[in-house]
Amino acid sequence: MAAPPCPPRRPISAPCFLLCFLLGFVAGLFPFAHRHLHLDLHLPLPPPATAILVREDPPSVVVDVDTPLPAAAEERKLLLVVTPTRARPLQAYYLRRLAHTLRLAPSPLLWLVVESGAATRDTAALLRGCGVMYRHLSSPVPDAPQDRPRRRGRRQDRPAVDSRARQRNTALDHIEHHRLHGIVYFADEDNVYSLDLFYHLRDIRSFGTWPVATLAPGKSKTILQGPVCEGSRVVGWHTTDRSKNQRRFHVDMSGFAFNSSKLWDAKNREQLVEDETHMEGVPPGCSKIMNFHLHLEDKNAIYLNGWQTTQNLDVIIPLKKEARPLL
């Protein structure tokens, strides 16, 4: 008996073919995925948080209070630079020159600029662009004494405190009122300063002093005035002042600096130190000249308000007009 004929095959549909293809593709990738998963599961785990090695504390070290701490261990002291100023021909030149120096000095530094009388817009505009942290203060000018008849044989009364001293006192009042802790230094605007000075200022603990050079008015020689030191100890003074018997300390106003904490005691405002034993020579040996006095003031110059002319200048030498060639 003959076998019955086979039924014809049905064609495979597209969805069925796609499903079979995807299953085969996933099955082919399984060995590779298993290998990676197997390796990841066997990665070394980090140690638990409690497994921290604790070292024993090092033996204590006795530090002498007279031994200076390294710069990395001690926080930098704030430098409080006080500068009196007044409106005059070279004011902008002086302030800009000093501002450029202070910008290069190590921070932190606060520049206290004190004007005689009301604060001016010109100075305020200059300070805003100086690139130094500053405070603009004003020192009111005291009222002039009423005119009194001059007595024969007596001179007119003179102010007890000059303008710069009054401006410095205004800055000291500001420092004391706001309890600004740091090293106070009186930097007059018409002086020239070395950057070494601002580095040595932070070495001062209480009161430091150093020699200052002054260019003589005739600009023919340089005069030195200040302490003579053995190490950091002041042993004498070098001065050319003829009134040496009247002055106790032969130190220039820009030749010393002190810790602002001295201002918290009212009696120190009259005299910061009692004698040379409370002074520190800066740097040890007092062998560096770190600032100069220069006489550059021009008293006969005309001060231009805002350093700008109000009208065009007159033509003194006019340009000659060249004749154009005829074409």
# chains A, B, ... in the order shown; residues from 1 in each chain; ligands from 1

call {"tool": "residues_around", "arguments": {"residues": "Thr83 in chain A", "least_positions_apart": "5", "cutoff": "8 Å", "atoms": "only C-alpha atoms", "output": "list in words"}}
result
Trp111, Leu112, Val113, Val114, Arg168, Phe186, Ala187, Asp188 and Glu189 of chain A

call {"tool": "select_by_dssp", "arguments": {"residues": "range 94-315 of chain A", "states": "strand (DSSP E)", "output": "VMD selection string"}}
result
chain A and resid 109 to 116 134 to 139 183 to 186 191 to 193 207 to 209 212 to 215 222 to 230 233 to 238 256 to 259 280 to 281 291 to 293

call {"tool": "write_last_selection", "arguments": {"atoms": "C-alpha atoms", "output": "CSV table (one decimal), in the first residue's frame"}}
result
chain,number,residue,atom,x,y,z
A,109,LEU,CA,46.8,93.9,53.8
A,110,LEU,CA,44.4,96.8,54.6
A,111,TRP,CA,45.3,100.3,53.3
A,112,LEU,CA,43.9,103.1,55.5
A,113,VAL,CA,44.0,106.3,53.5
A,114,VAL,CA,43.1,109.3,55.6
A,115,GLU,CA,42.5,112.7,53.9
A,116,SER,CA,42.8,116.0,55.6
A,134,TYR,CA,41.4,99.9,51.4
A,135,ARG,CA,39.3,102.1,53.6
A,136,HIS,CA,38.9,105.8,52.7
A,137,LEU,CA,38.8,107.9,55.9
A,138,SER,CA,38.6,111.7,56.5
A,139,SER,CA,40.1,113.7,59.3
A,183,ILE,CA,50.6,95.2,62.6
A,184,VAL,CA,50.2,99.0,62.2
A,185,TYR,CA,52.6,100.8,60.0
A,186,PHE,CA,52.6,104.5,59.1
A,191,ASN,CA,58.3,107.7,50.5
A,192,VAL,CA,59.8,104.8,48.6
A,193,TYR,CA,59.5,101.3,50.0
A,207,PHE,CA,57.2,97.0,68.5
A,208,GLY,CA,59.8,96.9,65.7
A,209,THR,CA,62.1,99.5,64.4
A,212,VAL,CA,65.5,105.0,57.4
A,213,ALA,CA,67.4,106.8,54.7
A,214,THR,CA,66.6,110.4,53.7
A,215,LEU,CA,67.8,112.1,50.6
A,222,THR,CA,71.9,110.5,52.0
A,223,ILE,CA,71.2,110.8,55.7
A,224,LEU,CA,70.6,107.7,57.8
A,225,GLN,CA,68.6,107.7,61.0
A,226,GLY,CA,67.5,104.9,63.2
A,227,PRO,CA,68.5,102.2,65.7
A,228,VAL,CA,71.8,100.5,66.0
A,229,CYS,CA,71.2,96.8,66.8
A,230,GLU,CA,73.0,93.7,68.1
A,233,ARG,CA,68.3,94.1,70.5
A,234,VAL,CA,68.5,97.9,70.2
A,235,VAL,CA,71.8,99.2,71.7
A,236,GLY,CA,71.8,102.8,70.5
A,237,TRP,CA,70.8,105.3,67.9
A,238,HIS,CA,72.3,106.8,64.8
A,256,PHE,CA,58.7,101.6,63.1
A,257,ALA,CA,55.6,99.4,63.4
A,258,PHE,CA,53.7,97.9,66.2
A,259,ASN,CA,51.0,95.4,67.1
A,280,GLU,CA,62.8,94.7,68.3
A,281,GLY,CA,65.4,95.4,65.6
A,291,ASN,CA,62.6,102.7,52.8
A,292,PHE,CA,63.7,106.2,51.6
A,293,HIS,CA,62.5,109.7,52.1

call {"tool": "closest_residue", "arguments": {"among": "A:Trp210, A:Gly117, A:Tyr199, A:Ala124", "to": "Thr170 in chain A", "atoms": "only C-alpha atoms"}}
result
A:Gly117

call {"tool": "atom_distance", "arguments": {"atom1": "CA of Leu263 in chain A", "atom2": "CA of His278 in chain A"}}
result
15.6 Å

call {"tool": "closest_residue", "arguments": {"among": "A:Pro84, A:Leu126, A:Leu294, A:Leu319", "to": "Arg166 in chain A", "atoms": "only C-alpha atoms"}}
result
A:Pro84

call {"tool": "select_by_dssp", "arguments": {"residues": "range 76-120 of chain A", "states": "alpha helix (DSSP H)", "output": "PyMOL selection string"}}
result
chain A and resi 91-104
